[in-house]
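Visitor: I am attaching a structure below and will ask some questions about it afterwards.
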Amino acid sequence: MYLHWLAISYSLCLPYLILGSFAAHTEQFDEDLVLRSLRDGKVLSRFSFTTRLNGTTPRNPQSLGSEDSSQHYTLFPLALGQVLREYAVSELHLSLNAGKWNYERWGYPEESGVGTGAELWAWMGAGDPTTVDERWQGLRNALAGLFCASLGSLDEQRTTSPSLAFAPEGSLPNWTLPHLLRHASLPSEHVCTENLTPFLKLLPCKALSGIASLLNPHRLFDADWHGMSVHVLWHEDMGVEVRLAFQAVFDPIRMSLEQKRDWSLQSIFDRSIRRSCPVAASSQIRVELPRDQAYSLGPDPTEIDGEYAIFNTKNVTEELNVSLRWPFEAIFEYPLEPPTVPLTHFSVRRILTGSSQSRGQLSITIQNNLPAQIQTIYLETMPWLLEFYLHTLRVHCDGRSRDDLMSLITYTLPVPHSRPTLFEAALTLPPKATIQITMDVTKSFLRYTEHPPDAQRGWDLPPAVFVPINIPTSLNQTTSLSQDKRSGRPLELRRIYTPTLLVDLATPDFSMPYNVIIMSCTLIALTFGSIFNLLTRRFVLVRVTDSEEKQDKVD
Amino acid sequence: MLLVPLPFLSQGTYIDENALQPGAVNTYWSWGDVHRADRYLEGLEALRDNNASSNERADFISKEFKRLGLDASTQRYHYAAATGAIDGVNAYAVLSSPRSSGSEAMVISASWLSRTGEGDGTLNLRGVSTVLSLAAFLKKYSLWAKDIVFVIGDGYLDGMHAWLSAYHGAPSSVLEADSLELPSGVIWTALNIDYPGHSFSHLGIFFEGVNGRLPNQDLLNSFQHISRYTGGVPVLVYDHLDPRDYPGREVEMSNIPSWLPDFVKNMEDVQEYSYAAKNVLRHVGYQARGMPSGVHGLFHQFRIDAITIFAVPAPGPHGFHAIGRVVESTLRTMNNLLERLHASFFFYLLKGPTTFMKIGTYLPSAVLISVALLFGGLGEWVNAGWVARPAFPSDEKSKDILAGPTQLPLKSRWTRRSRPVLPVLSIICFTHATGLLLFFLLTKSWVLDHLPVMSPILFLLVSLLAPAAFFSLPSQTLPPSQPFSTILKSFTLCLASTVISIISVLNFSLAATLAVLLGVPLSMVAPSPRVFGRIGNYIGYITLGFGWLFFIPQVQKAVWAWEVLGIWFAPFVCLVYAPLVMQAAIVCLFTS
């Protein structure tokens, strides 16, 4: 009887809820997997899950005092939506990556945020009753809880507001008060399966069906590079969009016994697609077709669109195992020469030299691969552990001093123990030139309590970021660098991240022998002091003169 | 000091860092990899037979690295040293570890020339092919937490020094080297493979670095453990075979004097002593000169713990299969490190593969001598301040004594006298200036090129400079009662004691050598009453101080080591040791 009543009430409520939510906005979920064979035999895969909440706007921070409208979603992740509404975030980007992206071999990534470790940046509207910094703190703690990552340590010692490099990717609502950027990165963050599980929970079909069923942690975390990211954008004409992406670079040669680069979904993910996600509006696998050699692709794709073979996975009737083979290749031979057409506009390497624990030199070498002038933004967000000597900043171009190539320098001084350095400048790269930037740095001396209590490997420094701006489009069309038009994103938003650095700061020896030495030295000093005192002090009888004695008697 | 090799003063080695876990993994290095190493060896032998230039060799090696799918590059370098120019090309490759930020790295290196005879021209072809085939093998695994950098240094020490200087941005006035195109992370540990023979019986550990720095003992101990239990290869300190392992050949291999009676020779402790003494002497030979005992020694100055694995040439039984497994397992151990090696000892004397001495045990031997010198010097200082004079009759006290019933013999009386410090200090400064001048001249190419002619001239120059200084002293015009020689001796002794005790903490072997060379001669020095005695003593001391000028190859090598590798031995001898002995020689010139 009771059960019966429950069933009735449930069946009455459910349509109401669905209808109610549909009345406010419509939701749409799209999924997409891109697979690309790279030059060195590796395979790049990028999963993208987009949920769109049509007709909505981000919350205005001035309305934070009053009660928010109720949140009823069917596809949109509620856990994330609550966080976004609570802290009135207009745009948010979070990426958790493991590995070093090799731009020279792999070209530009599909998701441009590939800096090692965690990176979080958000645009938030200013306004009462809470400040942007208070909401930023709440946001990173909430995301830390949501994604099981140590984002809580992205505190004010790591937070900066670089104005040029992290422009909003969507549109920002036009409120009375301006929007502010907060950016922080944590290069020592390790990404593993405890981050993937909450990530999968945000998907409407979890990892049960659709292309998300390929996300097999055993394989993903054995990849040469892997990273997950969450992007929240607002498009003025559409609404709020949440895009969850997972990007990984696999090495089929390492997994194959015969040194071949052939791959299939089964071989790289150890899974194939058996069911489609029923709520997905669109679902597809795009395989970039190789250009160099004869290949065989199986099974037959749904359609071929230019360089891509597209497999529609909206309705999977039988098991789908996409595979790409090079039948005439006995073993894969690595290319010995660099590509004739460079894969990136320019290549960057950044090193920290100097083996002493007090001083060092930061050296950045940028090589322009194009026969045209490029402008780029150079950004360093350095924790106060490393302080720049800005007067030693030198720019050399092919061996000659060219300080004029750097302009628009923004520099925020670090405050030891509280605020990081922000160094942002515009660089002009002459055609086919190599630019070297050097700057002396000093390594800070930490307080006793600032040393972490665990094993001491050094301090990770965040990557430098380069954002190309103003690249001649005519050149771009002739080269293979126009991958951008496929992903439909403007070239200006491609960022290049350098690898992270590790710095050794002066560290006291916290080990037991050190304590023993201190203890025994103290004891010896005490013993020596007292014995020396006894030996050198002369004990003499002081005779009191008669007159004084008499005086005493009189008294 | 003779007690140092005694067995009861040593203790067994042990592994202090828990993270290392040596020998705890299965190794996968197989005969297929041995075959690959053999194929690389064929390629290298073809290069050797064609007399390939450095450039061709580096191109070949970097191309092989690129075939494996590694980022590889070459680096040219040029040394413009006074001892002669050196050119070469290094080849190196970086295996980026999957899923890691690449901010930490391990190095596996081999130099083109083996360390046999300190780079006398023996090729290290098998070492190079081991590194190449290891690169192919290690790439197949995704478990590396640190980047692995493979470096094939040209020459013996010069190539690796150029590479390391460029890697760490340590500029040198004599070195011009390309900057490295492939950066990697902070290097914590490095293994250098030296495999000159056809096959080997033992793996020897070489560990002394530039200026006497030593790697953390955990690295040696883990390697020793792995080699013994994973690779099944016995480990030696250096290439010293233990005579006790060869029952039939004890007599020819042992360094116990043959005139000793047999029962002494067969005593266990005597054999242990002689083996330990041999190891300690070899160690002192490297460390005192500051010369690295292999290519690994160049790493230590950049806080990288490194050793050379030397495959002791023998007819058998081990080859690529054994060394590959040992290196694989050692790399896995190094890969386990969460922080720099810090737990175990940095100062030790290795007396055998599994026995060592702690700093607390061996340090007193040098410090005691230094303390003795200090007391000697202070004694001389007191002597200089007092003089015994015969008692004057006018002195009331002595009168009383004379008048006394005991009839003591004529008593002398201690009286104070002034101690002229300034002239003595100027002599000391002059001797050190002479050392500086000598060092300055030795680093000039026009002196070095004609050293057989120049060294007698230099020797004559310094031996004439000392008397010149002595006779030009204004002190000669002062009354001879002033105790110049005593004050000079006291200062020299105190200075020597200070130098020895400071050096003993940095470089024990150098301190011990100094203690032996300076201890007795400086304490014994005294002015001789006879002219011939004075001249004889003087010549003896000058020869002790500057006689090394006649060891021409050694002088050239030491100057080269200073210019190219920055080894402090040559300037130390010229600026510290020789002036101290010269001061003693000047003491001999005094008449009283």
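The way I read the labels, and the way they are meant: chains A, B, ... in the order of the structure tokens, residue 1 as the first residue of every chain, and ligand 1 as the first ligand shown, with later ones counted on from there.
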Got a sec to pull out which chain B residues are within 6 Å of chain A, counting only C-alpha atoms, and send them as a VMD selection string?

Guide: chain B and resid 66 to 67 69 98 to 101 103 140 168 to 169 302 339

Visitor: So that I can see what lies close to Gln287 in chain B, please list as a tab-separated table (two decimals) with C-alpha atoms, in the first residue's frame the residues with an atom at most 12 Å from it, counting only C-alpha atoms and leaving out residues fewer than 4 positions away in the same chain.

Guide:
chain	number	residue	atom	x	y	z
B	206	PHE	CA	85.25	4.49	-8.39
B	207	PHE	CA	83.89	7.35	-6.39
B	208	GLU	CA	86.41	10.17	-5.73
B	209	GLY	CA	85.45	13.48	-7.24
B	210	VAL	CA	87.00	16.79	-8.10
B	211	ASN	CA	88.73	18.39	-5.11
B	212	GLY	CA	88.19	15.27	-3.04
B	213	ARG	CA	84.40	15.38	-2.86
B	214	LEU	CA	82.71	12.04	-2.33
B	280	VAL	CA	93.25	3.53	1.47
B	281	LEU	CA	96.48	4.47	-0.29
B	282	ARG	CA	94.74	4.51	-3.67
B	283	HIS	CA	92.00	6.65	-2.17
B	291	MET	CA	91.79	14.35	-9.24
B	292	PRO	CA	88.55	12.55	-9.98
B	293	SER	CA	89.04	8.81	-10.28
B	294	GLY	CA	86.67	8.74	-13.24
B	297	GLY	CA	83.91	12.90	-10.27
B	347	PHE	CA	82.82	11.52	4.55
B	348	TYR	CA	84.17	8.03	4.72
B	349	LEU	CA	87.17	5.86	3.92
B	503	ILE	CA	91.80	20.93	5.28
B	504	SER	CA	91.18	17.77	7.31
B	506	LEU	CA	87.27	19.22	3.68
B	507	ASN	CA	89.69	16.74	2.22
B	508	PHE	CA	91.11	14.29	4.69
B	509	SER	CA	93.64	12.74	2.32
B	510	LEU	CA	95.21	16.07	1.53
B	511	ALA	CA	95.40	16.90	5.22
B	512	ALA	CA	96.99	13.55	5.99
B	513	THR	CA	99.53	13.98	3.21
B	567	ILE	CA	91.03	21.42	-9.35
B	568	TRP	CA	92.68	23.31	-6.53
B	569	PHE	CA	95.70	21.06	-6.13

Visitor: So that I can check the secondary structure, give me every residue of range 315-435 of chain B assigned helix (DSSP H, G or I) by backbone DSSP, as an MDAnalysis selection string.

Guide: chainID B and resid 320:335 359:385 396:403 421:435

Visitor: Tell me, as a VMD selection string, which residues lie within 7 Å of range 515-524 of chain B, counting only C-alpha atoms; anything in the same chain fewer than 5 positions away does not count.

Guide: chain B and resid 366 369 to 370 373 493 500 584

Visitor: Would you mind exporting the chosen residues as a PDB file, in the first residue's frame, restricted to C-alpha atoms?

Guide:
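Saved to result31.pdb:
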ATOM      1  CA  ALA B 366      95.496  14.077  11.013  1.00  0.00           C
ATOM      2  CA  ILE B 369      99.502  15.881  14.183  1.00  0.00           C
ATOM      3  CA  SER B 370      98.046  19.289  13.565  1.00  0.00           C
ATOM      4  CA  LEU B 373     102.319  21.242  15.434  1.00  0.00           C
ATOM      5  CA  LEU B 493     104.285  25.709  12.711  1.00  0.00           C
ATOM      6  CA  ILE B 500      96.052  20.965   8.228  1.00  0.00           C
ATOM      7  CA  ALA B 584     111.411  26.360   7.077  1.00  0.00           C
TER       8      ALA B 584
END

Visitor: Could you name the residues that touch range 38-40 of chain B at 12 Å or less, counting only C-alpha atoms, but leaving out those on the same chain fewer than 5 positions away, as a PyMOL selection string?

Guide: chain B and resi 31-33+45-47+60-61+63-65+125-136+198+319-321

Visitor: Select, from A:Leu146, A:Ile310, A:Val441, A:Leu427, the residue with the minimum atom-to-atom distance to Pro198 in chain A, counting only C-alpha atoms.

Guide: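 Answer, going by the shortest atom-to-atom distance: A:Leu146.
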
Visitor: With only C-alpha atoms as the basis for distance, which of A:Arg291, A:His235, A:His179, A:Lys432 is at the shortest distance from Ser161 in chain A?

Guide: A:His179

Visitor: Using Å and a single decimal, report how far CA of Asp239 in chain B sits from CA of Pro317 in chain B.

Guide: 16.1 Å

Visitor: Please identify the strand (DSSP E) residues within range 277-493 of chain A (assignment by DSSP from backbone atoms) and present them as number ranges by chain.

Guide: A: 282-288, 296-298, 303-305, 308-312, 323-325, 346-353, 359-368, 374-382, 386-397, 400-401, 406-412, 421-429, 434-443, 459-461, 465-469

Visitor: Can you tell me how far CA of Gly547 in chain B sits from CA of Ala433 in chain B, in Å to one decimal?

Guide: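 Distance reported for this atom pair: 18.3 Å.
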
Visitor: CA of Ser254 in chain B and CA of Leu2 in chain B are how many Å apart?

Guide: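 Rounded to one decimal, the two atoms are 18.3 Å apart.
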
Visitor: Got a sec: who's within 8 Å of Gln556 in chain B, counting only C-alpha atoms, leaving out chain neighbours fewer than 4 positions off, as a PyMOL selection string?

Guide: chain B and resi 83+448+552+560

Visitor: Which residues are near Val327 in chain B? Cut-off 10 Å, only C-alpha atoms, ignore same chain within fewer than 5 positions. Put them as a VMD selection string.

Guide: chain B and resid 27 29 108 130 to 131 134 191 to 193 223 226 to 227 231 309 322 332 to 333

Visitor: Export N, CA and C atoms of the chosen residues as a CSV table (one decimal), in the first residue's frame?

Guide:
chain,number,residue,atom,x,y,z
B,27,THR,N,64.2,-7.8,-12.8
B,27,THR,CA,64.8,-7.1,-14.0
B,27,THR,C,64.3,-7.7,-15.3
B,29,TRP,N,65.9,-6.9,-18.4
B,29,TRP,CA,67.0,-6.9,-19.4
B,29,TRP,C,67.2,-8.3,-19.9
B,108,ILE,N,72.8,8.7,-17.2
B,108,ILE,CA,73.7,7.6,-17.4
B,108,ILE,C,74.7,8.0,-18.5
B,130,THR,N,76.7,-0.1,-24.2
B,130,THR,CA,75.8,-0.4,-23.1
B,130,THR,C,74.8,0.8,-22.9
B,131,VAL,N,75.3,2.0,-23.0
B,131,VAL,CA,74.4,3.2,-22.8
B,131,VAL,C,73.4,3.2,-23.9
B,134,LEU,N,70.9,0.5,-23.4
B,134,LEU,CA,70.0,0.8,-22.3
B,134,LEU,C,69.0,1.8,-22.7
B,191,LEU,N,75.2,7.7,-13.0
B,191,LEU,CA,76.0,6.5,-13.1
B,191,LEU,C,76.8,6.6,-14.4
B,192,ASN,N,78.1,6.4,-14.2
B,192,ASN,CA,79.0,6.4,-15.4
B,192,ASN,C,79.5,5.0,-15.6
B,193,ILE,N,79.4,4.6,-16.9
B,193,ILE,CA,79.7,3.2,-17.2
B,193,ILE,C,81.0,3.1,-17.9
B,223,PHE,N,74.5,0.1,-5.0
B,223,PHE,CA,75.0,-0.5,-6.2
B,223,PHE,C,75.7,-1.9,-5.8
B,226,ILE,N,73.0,-4.4,-5.2
B,226,ILE,CA,72.4,-4.9,-6.4
B,226,ILE,C,73.3,-5.8,-7.2
B,227,SER,N,74.5,-5.3,-7.4
B,227,SER,CA,75.4,-6.1,-8.2
B,227,SER,C,75.6,-7.5,-7.6
B,231,GLY,N,72.7,-8.9,-9.9
B,231,GLY,CA,73.5,-9.3,-11.1
B,231,GLY,C,74.4,-10.5,-10.9
B,309,ILE,N,81.0,2.8,-12.7
B,309,ILE,CA,81.0,1.4,-12.6
B,309,ILE,C,82.0,0.9,-13.5
B,322,ALA,N,75.1,-9.1,-17.7
B,322,ALA,CA,75.2,-8.8,-16.3
B,322,ALA,C,75.2,-7.3,-16.0
B,332,ARG,N,66.4,1.7,-11.2
B,332,ARG,CA,65.1,1.6,-10.5
B,332,ARG,C,65.2,2.1,-9.1
B,333,THR,N,66.4,1.8,-8.4
B,333,THR,CA,66.6,2.2,-7.1
B,333,THR,C,66.7,3.7,-7.0

Visitor: Find the residues near Tyr79 in chain B: any atom within 7 Å, counting only C-alpha atoms, skip ones fewer than 5 places away on the same chain, and give them as a list in words.

Guide: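 The contact residues come out as Ala85, Ile86, Asp87, Val174, Leu175 and Glu176 of chain B.
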
Visitor: I'd like to know which of A:Phe346, A:Phe246, A:Trp136, A:Phe328 is closest to Val114 in chain A, using only C-alpha atoms.

Guide: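 Distance minimum relative to Val114 in chain A lands on A:Phe246.
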